[in-house]
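Colleague: What follows is model38.txt; its format and atoms are compact mmCIF, C-alpha atoms.
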# COMPACT_ATOMS: atom_id res chain seq x y z
CA MET A 333 83.08 104.49 83.90
CA LYS A 334 82.19 101.34 81.98
CA LEU A 335 84.40 99.02 84.04
CA LEU A 336 82.68 99.98 87.28
CA GLU A 337 79.18 99.88 85.81
CA GLU A 338 79.81 96.39 84.48
CA LYS A 339 81.11 95.27 87.86
CA ILE A 340 78.01 96.68 89.58
CA LEU A 341 75.76 94.87 87.10
CA SER A 342 77.57 91.56 87.49
CA CYS A 343 78.24 91.61 91.25
CA GLY A 344 75.91 94.16 92.87
CA THR A 345 72.56 93.28 94.41
CA VAL A 346 69.66 95.55 95.25
CA LEU A 347 68.14 95.17 98.72
CA SER A 348 65.04 96.76 100.18
CA GLY A 349 65.48 100.28 101.53
CA ASN A 350 67.37 101.51 98.45
CA ILE A 351 70.46 99.58 99.44
CA LEU A 352 72.89 98.68 96.66
CA LYS A 353 75.05 95.93 98.04
CA VAL A 354 78.50 95.91 96.49
CA ASP A 355 80.38 94.37 99.37
CA SER A 356 81.92 91.69 97.17
CA PHE A 357 84.30 94.25 95.65
CA LEU A 358 83.97 97.73 97.18
CA ASN A 359 83.30 97.85 100.90
CA HIS A 360 83.89 94.54 102.63
CA GLN A 361 85.83 92.40 100.21
CA LEU A 362 88.00 94.67 98.06
CA ASP A 363 88.89 93.99 94.44
CA VAL A 364 92.21 95.78 94.50
CA GLU A 365 92.79 95.64 90.73
CA LEU A 366 89.43 97.34 90.16
CA LEU A 367 90.03 99.87 92.93
CA ASN A 368 93.37 100.72 91.40
CA GLU A 369 91.59 101.48 88.12
CA LEU A 370 89.17 103.76 89.97
CA GLY A 371 92.12 105.54 91.55
CA LYS A 372 93.70 106.00 88.13
CA GLU A 373 90.45 107.43 86.76
CA PHE A 374 90.22 109.93 89.62
CA TYR A 375 93.73 111.03 88.73
CA ARG A 376 92.67 111.60 85.12
CA LEU A 377 89.66 113.65 86.26
CA PHE A 378 91.47 115.82 88.82
CA GLU A 379 95.03 115.82 87.46
CA SER A 380 94.89 119.54 86.64
CA ASP A 381 93.69 120.58 90.10
CA LYS A 382 97.09 120.62 91.82
CA ILE A 383 95.84 118.32 94.58
CA THR A 384 98.03 118.29 97.69
CA ARG A 385 95.96 116.03 99.92
CA ILE A 386 93.24 113.43 99.57
CA LEU A 387 90.62 113.36 102.29
CA THR A 388 88.28 110.44 102.93
CA VAL A 389 86.41 108.95 105.85
CA GLU A 390 86.90 105.58 107.50
CA ALA A 391 86.45 102.84 106.54
CA SER A 392 85.28 102.13 103.00
CA GLY A 393 86.80 105.24 101.45
CA ILE A 394 90.35 104.43 102.53
CA ALA A 395 91.21 101.86 99.89
CA ILE A 396 90.08 103.93 96.88
CA ALA A 397 91.70 107.05 98.34
CA CYS A 398 95.02 105.21 98.72
CA PHE A 399 95.05 103.91 95.17
CA ALA A 400 94.24 107.39 93.86
CA ALA A 401 96.96 108.91 96.05
CA GLN A 402 99.57 106.69 94.43
CA TYR A 403 98.97 108.56 91.18
CA PHE A 404 98.77 112.04 92.73
CA HIS A 405 101.81 111.38 94.98
CA VAL A 406 100.12 113.05 97.93
CA PRO A 407 99.17 111.81 101.41
CA VAL A 408 95.73 110.50 102.31
CA VAL A 409 94.02 111.73 105.44
CA PHE A 410 91.08 109.72 106.66
CA ALA A 411 88.55 111.34 108.95
CA LYS A 412 87.74 109.21 111.95
CA LYS A 413 84.30 108.54 113.34
CA GLY A 414 83.09 108.72 116.92
CA HIS A 415 85.47 109.40 119.77
CA HIS A 416 88.98 107.93 119.88
CA LYS A 417 91.28 108.40 122.86
CA ASN A 418 94.41 108.69 120.72
CA VAL A 419 93.39 111.52 118.45
CA GLY A 420 93.54 114.35 120.93
CA THR A 421 91.21 117.34 121.08
CA ASP A 422 92.89 119.50 118.48
CA CYS A 423 90.62 118.46 115.63
CA TYR A 424 88.29 119.81 112.99
CA THR A 425 84.92 118.14 113.45
CA ALA A 426 81.58 117.80 111.69
CA GLU A 427 78.32 116.06 112.53
CA VAL A 428 77.09 113.56 109.95
CA PHE A 429 73.67 111.95 109.86
CA SER A 430 73.71 108.42 108.44
CA PHE A 431 70.44 107.41 106.81
CA THR A 432 71.69 103.82 106.60
CA LYS A 433 72.27 103.55 110.32
CA GLY A 434 69.63 106.05 111.42
CA THR A 435 71.97 107.91 113.76
CA SER A 436 74.37 110.84 113.78
CA TYR A 437 78.07 110.53 114.33
CA THR A 438 81.02 112.90 114.52
CA VAL A 439 83.82 112.87 111.97
CA PHE A 440 87.07 114.49 112.90
CA VAL A 441 90.48 115.28 111.43
CA SER A 442 93.52 116.37 113.37
CA LYS A 443 94.37 120.00 112.68
CA LYS A 444 97.92 118.87 111.95
CA TYR A 445 96.93 117.07 108.77
CA LEU A 446 94.94 119.72 106.92
CA ASN A 447 96.63 123.03 106.23
CA GLU A 448 95.52 126.41 105.07
CA GLY A 449 96.07 126.51 101.32
CA ASP A 450 95.92 122.74 100.84
CA ASN A 451 94.19 121.70 97.62
CA VAL A 452 91.96 118.90 98.79
CA LEU A 453 90.26 116.14 96.85
CA ILE A 454 87.57 114.30 98.83
CA ILE A 455 87.14 110.66 97.81
CA ASP A 456 84.50 108.24 99.01
CA ASP A 457 82.90 104.98 97.91
CA PHE A 458 79.26 106.12 97.99
CA LEU A 459 77.29 109.32 97.65
CA ALA A 460 73.61 109.14 98.57
CA ASN A 461 72.26 111.96 100.70
CA GLY A 462 75.65 113.59 100.74
CA GLN A 463 75.87 114.02 104.49
CA ALA A 464 79.38 112.59 104.78
CA ALA A 465 80.66 114.67 101.85
CA LEU A 466 79.12 117.83 103.33
CA GLY A 467 80.75 117.05 106.67
CA LEU A 468 84.15 116.64 105.00
CA LYS A 469 83.56 119.83 102.99
CA LYS A 470 82.94 121.72 106.22
CA ILE A 471 86.18 120.33 107.66
CA VAL A 472 88.15 121.43 104.58
CA GLU A 473 86.67 124.93 104.85
CA ASP A 474 87.28 125.12 108.61
CA ALA A 475 90.94 124.36 107.87
CA GLY A 476 91.16 127.23 105.38
CA ALA A 477 91.99 124.70 102.67
CA ASN A 478 90.59 124.67 99.12
CA LEU A 479 88.07 122.02 98.16
CA LYS A 480 89.15 121.23 94.60
CA GLY A 481 86.74 118.39 94.03
CA VAL A 482 84.83 115.36 95.21
CA GLY A 483 85.42 111.95 93.63
CA ILE A 484 82.83 109.25 94.27
CA ALA A 485 82.79 105.65 93.11
CA ILE A 486 79.01 105.14 93.13
CA GLU A 487 76.48 107.95 93.31
CA LYS A 488 72.84 107.20 93.95
CA GLY A 489 71.47 109.69 91.46
CA PHE A 490 67.93 109.31 92.79
CA GLN A 491 68.95 110.76 96.15
CA ASP A 492 69.84 114.40 96.72
CA GLY A 493 73.53 114.38 97.65
CA GLY A 494 74.92 114.83 94.15
CA LYS A 495 72.38 117.47 93.17
CA ASN A 496 73.08 119.47 96.32
CA LEU A 497 76.86 119.37 95.91
CA ARG A 498 76.65 120.39 92.24
CA GLU A 499 74.36 123.29 93.13
CA LEU A 500 76.97 124.42 95.64
CA GLY A 501 79.46 124.62 92.75
CA VAL A 502 81.51 121.63 93.83
CA LYS A 503 83.41 119.80 91.07
CA LEU A 504 81.82 116.40 91.66
CA LYS A 505 82.84 113.39 89.61
CA SER A 506 81.06 110.10 90.18
CA LEU A 507 82.40 107.09 88.32
CA ALA A 508 78.96 105.45 88.20
CA ILE A 509 75.65 107.20 88.79
CA VAL A 510 72.72 104.89 89.49
CA ASP A 511 69.57 106.68 88.37
CA SER A 512 67.17 103.93 89.34
CA MET A 513 67.31 100.41 90.62
CA THR A 514 64.88 97.58 91.22
CA ASP A 515 65.30 93.94 92.14
CA ASP A 516 66.17 93.03 88.58
CA SER A 517 67.56 96.15 86.93
CA ILE A 518 70.04 98.94 87.61
CA MET A 519 69.96 101.98 85.31
CA PHE A 520 72.97 104.27 85.01
CA ARG A 521 73.06 107.92 84.01
CA GLU A 522 74.90 108.59 80.76
CA ASP A 523 78.30 110.28 81.08
CA ASP A 524 78.19 114.06 80.77
CA MET B 678 112.65 97.00 108.43
CA LYS B 679 115.00 99.97 108.50
CA LEU B 680 112.76 102.28 106.50
CA LEU B 681 109.87 101.89 108.95
CA GLU B 682 112.09 102.15 112.03
CA GLU B 683 113.56 105.40 110.72
CA LYS B 684 110.11 106.78 110.02
CA ILE B 685 108.98 105.88 113.56
CA LEU B 686 112.06 107.59 115.01
CA SER B 687 111.58 110.73 112.95
CA CYS B 688 107.79 111.06 113.10
CA GLY B 689 106.48 108.95 115.99
CA THR B 690 105.81 110.32 119.46
CA VAL B 691 105.41 108.46 122.72
CA LEU B 692 102.43 109.39 124.86
CA SER B 693 101.54 108.29 128.36
CA GLY B 694 99.78 104.94 128.63
CA ASN B 695 102.24 103.18 126.32
CA ILE B 696 100.80 104.90 123.28
CA LEU B 697 103.04 105.24 120.25
CA LYS B 698 101.48 107.91 118.11
CA VAL B 699 102.24 107.41 114.43
CA ASP B 700 99.18 109.10 113.01
CA SER B 701 101.25 111.33 110.75
CA PHE B 702 101.96 108.38 108.42
CA LEU B 703 100.20 105.16 109.49
CA ASN B 704 96.73 105.55 110.91
CA HIS B 705 95.24 108.98 110.31
CA GLN B 706 97.37 110.62 107.67
CA LEU B 707 98.75 107.91 105.38
CA ASP B 708 102.15 108.07 103.70
CA VAL B 709 101.19 105.98 100.69
CA GLU B 710 104.73 105.61 99.34
CA LEU B 711 105.86 104.19 102.68
CA LEU B 712 102.79 101.95 102.98
CA ASN B 713 103.47 100.62 99.52
CA GLU B 714 106.96 99.64 100.65
CA LEU B 715 105.48 97.86 103.67
CA GLY B 716 103.13 96.00 101.34
CA LYS B 717 106.05 94.97 99.15
CA GLU B 718 107.96 93.72 102.19
CA PHE B 719 105.00 91.60 103.32
CA TYR B 720 104.98 90.08 99.86
CA ARG B 721 108.66 89.19 100.21
CA LEU B 722 108.03 87.59 103.60
CA PHE B 723 104.93 85.57 102.64
CA GLU B 724 105.48 85.07 98.91
CA SER B 725 105.93 81.31 99.31
CA ASP B 726 102.76 80.81 101.33
CA LYS B 727 100.33 80.65 98.38
CA ILE B 728 98.15 83.37 99.91
CA THR B 729 94.64 83.53 98.42
CA ARG B 730 93.14 86.26 100.63
CA ILE B 731 94.34 89.04 102.88
CA LEU B 732 92.28 89.69 105.99
CA THR B 733 92.45 92.86 108.03
CA VAL B 734 90.17 94.86 110.29
CA GLU B 735 88.79 98.35 109.74
CA ALA B 736 90.05 100.99 109.64
CA SER B 737 93.84 101.38 109.96
CA GLY B 738 94.70 97.98 108.53
CA ILE B 739 92.97 98.57 105.21
CA ALA B 740 95.59 100.72 103.52
CA ILE B 741 98.54 98.42 104.23
CA ALA B 742 96.48 95.36 103.34
CA CYS B 743 95.55 96.90 99.98
CA PHE B 744 99.12 97.75 99.06
CA ALA B 745 100.24 94.24 99.98
CA ALA B 746 97.36 92.74 97.99
CA GLN B 747 98.58 94.48 94.83
CA TYR B 748 101.70 92.31 94.99
CA PHE B 749 99.89 89.09 95.91
CA HIS B 750 97.11 89.72 93.36
CA VAL B 751 94.44 88.58 95.81
CA PRO B 752 91.39 90.29 97.31
CA VAL B 753 91.42 92.03 100.66
CA VAL B 754 88.63 91.35 103.14
CA PHE B 755 88.30 93.76 106.00
CA ALA B 756 86.46 92.67 109.13
CA LYS B 757 83.94 95.21 110.29
CA LYS B 758 83.41 96.37 113.84
CA GLY B 759 80.18 96.76 115.75
CA HIS B 760 76.82 96.13 114.18
CA HIS B 761 76.04 97.26 110.63
CA LYS B 762 72.58 96.91 109.10
CA ASN B 763 73.92 96.09 105.65
CA VAL B 764 76.11 93.14 106.48
CA GLY B 765 73.40 90.59 107.23
CA THR B 766 73.54 87.87 109.82
CA ASP B 767 75.49 85.30 107.87
CA CYS B 768 78.85 86.23 109.37
CA TYR B 769 81.79 84.81 111.24
CA THR B 770 82.24 86.84 114.41
CA ALA B 771 84.73 87.28 117.25
CA GLU B 772 84.80 89.42 120.37
CA VAL B 773 87.81 91.70 120.74
CA PHE B 774 88.80 93.63 123.83
CA SER B 775 90.49 96.93 123.07
CA PHE B 776 92.89 98.07 125.78
CA THR B 777 93.14 101.47 124.08
CA LYS B 778 89.43 102.11 124.27
CA GLY B 779 88.73 100.03 127.38
CA THR B 780 85.77 98.22 125.80
CA SER B 781 84.94 95.10 123.84
CA TYR B 782 83.63 95.12 120.32
CA THR B 783 82.56 92.52 117.80
CA VAL B 784 84.43 91.97 114.55
CA PHE B 785 82.66 90.16 111.75
CA VAL B 786 83.27 88.88 108.25
CA SER B 787 80.60 87.76 105.83
CA LYS B 788 80.73 83.99 105.28
CA LYS B 789 80.76 84.68 101.54
CA TYR B 790 84.25 86.19 101.65
CA LEU B 791 86.22 83.54 103.51
CA ASN B 792 86.20 80.04 102.11
CA GLU B 793 87.25 76.65 103.36
CA GLY B 794 90.75 76.06 102.04
CA ASP B 795 91.61 79.74 101.64
CA ASN B 796 95.22 80.55 102.55
CA VAL B 797 94.85 83.67 104.62
CA LEU B 798 97.38 86.33 105.54
CA ILE B 799 96.23 88.64 108.34
CA ILE B 800 97.65 92.15 108.10
CA ASP B 801 97.30 94.95 110.62
CA ASP B 802 99.03 98.18 111.56
CA PHE B 803 99.67 97.42 115.24
CA LEU B 804 100.10 94.40 117.47
CA ALA B 805 100.04 95.04 121.20
CA ASN B 806 98.00 92.64 123.31
CA GLY B 807 97.06 90.71 120.21
CA GLN B 808 93.32 90.70 120.84
CA ALA B 809 92.40 91.83 117.31
CA ALA B 810 94.77 89.30 115.72
CA LEU B 811 93.37 86.50 117.88
CA GLY B 812 89.84 87.51 116.91
CA LEU B 813 90.75 87.39 113.21
CA LYS B 814 92.54 84.05 113.76
CA LYS B 815 89.34 82.61 115.24
CA ILE B 816 87.36 83.86 112.24
CA VAL B 817 89.83 82.22 109.82
CA GLU B 818 89.56 78.94 111.73
CA ASP B 819 85.75 79.13 111.94
CA ALA B 820 85.74 79.46 108.14
CA GLY B 821 87.84 76.31 107.75
CA ALA B 822 90.53 78.41 106.08
CA ASN B 823 94.28 78.15 106.70
CA LEU B 824 96.02 80.89 108.63
CA LYS B 825 99.32 81.13 106.75
CA GLY B 826 100.67 84.10 108.62
CA VAL B 827 100.24 87.42 110.37
CA GLY B 828 101.97 90.54 109.06
CA ILE B 829 102.18 93.54 111.38
CA ALA B 830 103.66 96.96 110.75
CA ILE B 831 104.52 97.84 114.36
CA GLU B 832 104.64 95.32 117.19
CA LYS B 833 104.87 96.50 120.76
CA GLY B 834 107.35 93.89 121.88
CA PHE B 835 106.88 94.75 125.54
CA GLN B 836 103.26 93.60 125.43
CA ASP B 837 102.15 89.98 125.11
CA GLY B 838 100.45 89.77 121.73
CA GLY B 839 103.49 88.77 119.70
CA LYS B 840 104.75 86.28 122.28
CA ASN B 841 101.34 84.61 122.48
CA LEU B 842 100.92 84.32 118.72
CA ARG B 843 104.43 82.89 118.28
CA GLU B 844 103.79 80.34 121.04
CA LEU B 845 100.66 79.27 119.15
CA GLY B 846 102.91 78.49 116.18
CA VAL B 847 101.70 81.38 114.05
CA LYS B 848 104.14 82.68 111.41
CA LEU B 849 104.24 86.25 112.66
CA LYS B 850 106.31 88.90 110.88
CA SER B 851 106.45 92.39 112.36
CA LEU B 852 108.26 95.02 110.31
CA ALA B 853 109.28 96.95 113.41
CA ILE B 854 109.28 95.62 116.96
CA VAL B 855 109.45 98.26 119.67
CA ASP B 856 111.07 96.67 122.69
CA SER B 857 110.90 99.73 124.90
CA MET B 858 109.97 103.36 124.62
CA THR B 859 110.17 106.45 126.74
CA ASP B 860 109.53 110.12 126.08
CA ASP B 861 112.90 110.52 124.40
CA SER B 862 113.89 107.10 123.09
CA ILE B 863 112.43 104.19 121.18
CA MET B 864 114.38 100.92 121.14
CA PHE B 865 113.81 98.33 118.41
CA ARG B 866 114.41 94.58 118.56
CA GLU B 867 117.08 93.36 116.17
CA ASP B 868 115.85 91.40 113.16
CA ASP B 869 115.84 87.63 113.64
Could you write out this file's structure as structure tokens?
Modeller:
Amino acid sequence: MKLLEEKILSCGTVLSGNILKVDSFLNHQLDVELLNELGKEFYRLFESDKITRILTVEASGIAIACFAAQYFHVPVVFAKKGHHKNVGTDCYTAEVFSFTKGTSYTVFVSKKYLNEGDNVLIIDDFLANGQAALGLKKIVEDAGANLKGVGIAIEKGFQDGGKNLRELGVKLKSLAIVDSMTDDSIMFREDD
Amino acid sequence: MKLLEEKILSCGTVLSGNILKVDSFLNHQLDVELLNELGKEFYRLFESDKITRILTVEASGIAIACFAAQYFHVPVVFAKKGHHKNVGTDCYTAEVFSFTKGTSYTVFVSKKYLNEGDNVLIIDDFLANGQAALGLKKIVEDAGANLKGVGIAIEKGFQDGGKNLRELGVKLKSLAIVDSMTDDSIMFREDD
């Protein structure tokens, strides 16, 4: 998606450790006009999949998921991380290893908010090693729901998450795929 | 706001420990049509305040803040909790005590995303003891920005957060104020 690639080129910065910092518009400060366009694009890509619920994970996925949900007219469910008193024990859970933070955490979704037969679209801001997406995929399957697709804003194409999900047969659509990045250049994969 | 009060009455449940569980539409599963209406109402209430940025805190505040921001045409900044590698050290910070979780945590905002002279509207899903709102207020003041108001979806009127903020002269607008709640009834404060 040209709009997102241009935004990454103009506002993103590359830090050591393969970090692409886009916190001026995607995951700390939020450019809501841009995010709305991303949501609209996800609708175009998954419109035919009869989506009944959008699943994301706190915190950075929530905004994009909400803008997308406005077009699909379905609820968003965001998986929570760690342990919260208020959520109760009746949850689907998955363990997720974060390479950024170097630790594992639990994501969980109340069993009330994912139903057997739901057609679920997973949306997230980033896909790198794919651990979060795989955790959400497990949760969808544990619920007996159908994973209809995964929509990602920025995929790090030089890490394995995207490759692994595609090999599993998941309909994965990333709006920008970064194939390589250095201090002074970011290269995107051509649209398929 | 009638629409929100009716939703709380039909979908909220009261748990022991003064917990009002509204995770079917506000902070786990998200009813995006409703949240959009809340955002529109915040715009009506703060339209004249020349808002330049909306500040919230991860995770539950993000969705409402984003829907409001669509009407104000301003960016959202969400304060992060805990310590994240990617944020850097150049942040405004505040300590927040969570009565729900029984622990303190740090909230922080990059200095790049709050400017001197910004007119800031703080938005959050809940106001109870007001610790999160006070932490965000401190961050706004540390940045030399102007706190133009605080917009809350649900205020627990029987706890002190709202009273304290109003006594500090803050323009606080809560879309539903729960004055008392028991297992089988929830009483709202009349609009002022």
Colleague: Go through A:Asp381, A:Glu337, A:Asp457, A:Asp511 and flag the residue nearest A:Asp492, using only C-alpha atoms for the distances.
Modeller: A:Asp511
Colleague: Pick the closest to chain A from B:Thr729, B:Leu722, B:Lys717, B:Lys789: which is it, counting only C-alpha atoms?
Modeller: B:Lys789
Colleague: I want to know what sits within 8 Å of A:Ala401, based on only C-alpha atoms, with residues of the same chain fewer than 5 positions away left out; could you give that as a list in words?
Modeller: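 Returned residues: Gly371, Ile386, Val406, Pro407 and Val408 of chain A; Val709 of chain B.
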Colleague: Figure out the distance between atom CA of A:Tyr445 and atom CA of A:Gly476, please, to one decimal in Å.
Modeller: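 Calculated distance between atom CA of A:Gly476 and atom CA of A:Tyr445 is 12.2 Å.
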Colleague: Once you count all atoms listed in the file, what closest atom pair and distance in Å to one decimal does each residue of chain A within 8 Å of chain B have, with rows by chain and rising residue number, as a tab-separated table?
Modeller:
residue	atom	partner	partner_atom	distance
A:Ile351	CA	B:Asn763	CA	7.9
A:Lys353	CA	B:Asn763	CA	7.7
A:Ser356	CA	B:Tyr790	CA	7.5
A:His360	CA	B:Phe755	CA	5.6
A:Gln361	CA	B:Val754	CA	4.2
A:Leu362	CA	B:Val753	CA	5.0
A:Asp363	CA	B:Pro752	CA	5.3
A:Val364	CA	B:Pro752	CA	6.2
A:Glu365	CA	B:Gln747	CA	7.2
A:Glu390	CA	B:Ala736	CA	6.0
A:Ala391	CA	B:Ala736	CA	5.1
A:Ile394	CA	B:Ala740	CA	6.5
A:Ala395	CA	B:Ala740	CA	5.8
A:Cys398	CA	B:Val709	CA	6.5
A:Ala401	CA	B:Val709	CA	6.9
A:Gln402	CA	B:Val709	CA	6.5
A:His405	CA	B:Glu710	CA	7.8
A:Val406	CA	B:Val709	CA	7.7
A:Pro407	CA	B:Asp708	CA	5.3
A:Val408	CA	B:Leu707	CA	5.0
A:Val409	CA	B:Gln706	CA	4.2
A:Phe410	CA	B:His705	CA	5.6
A:Ala411	CA	B:His705	CA	7.2
A:Lys412	CA	B:His705	CA	7.7
A:His416	CA	B:Lys778	CA	7.3
A:Lys417	CA	B:Lys778	CA	6.7
A:Asn418	CA	B:Lys698	CA	7.6
A:Thr432	CA	B:Lys762	CA	7.4
A:Lys433	CA	B:Lys762	CA	6.8
A:Val441	CA	B:His705	CA	8.0
A:Tyr445	CA	B:Gln706	CA	6.6
Colleague: If you measure from atom CA of B:Lys814 to atom CA of B:Phe785, what distance in Å do you get, rounded to one decimal?
Modeller: 11.8 Å
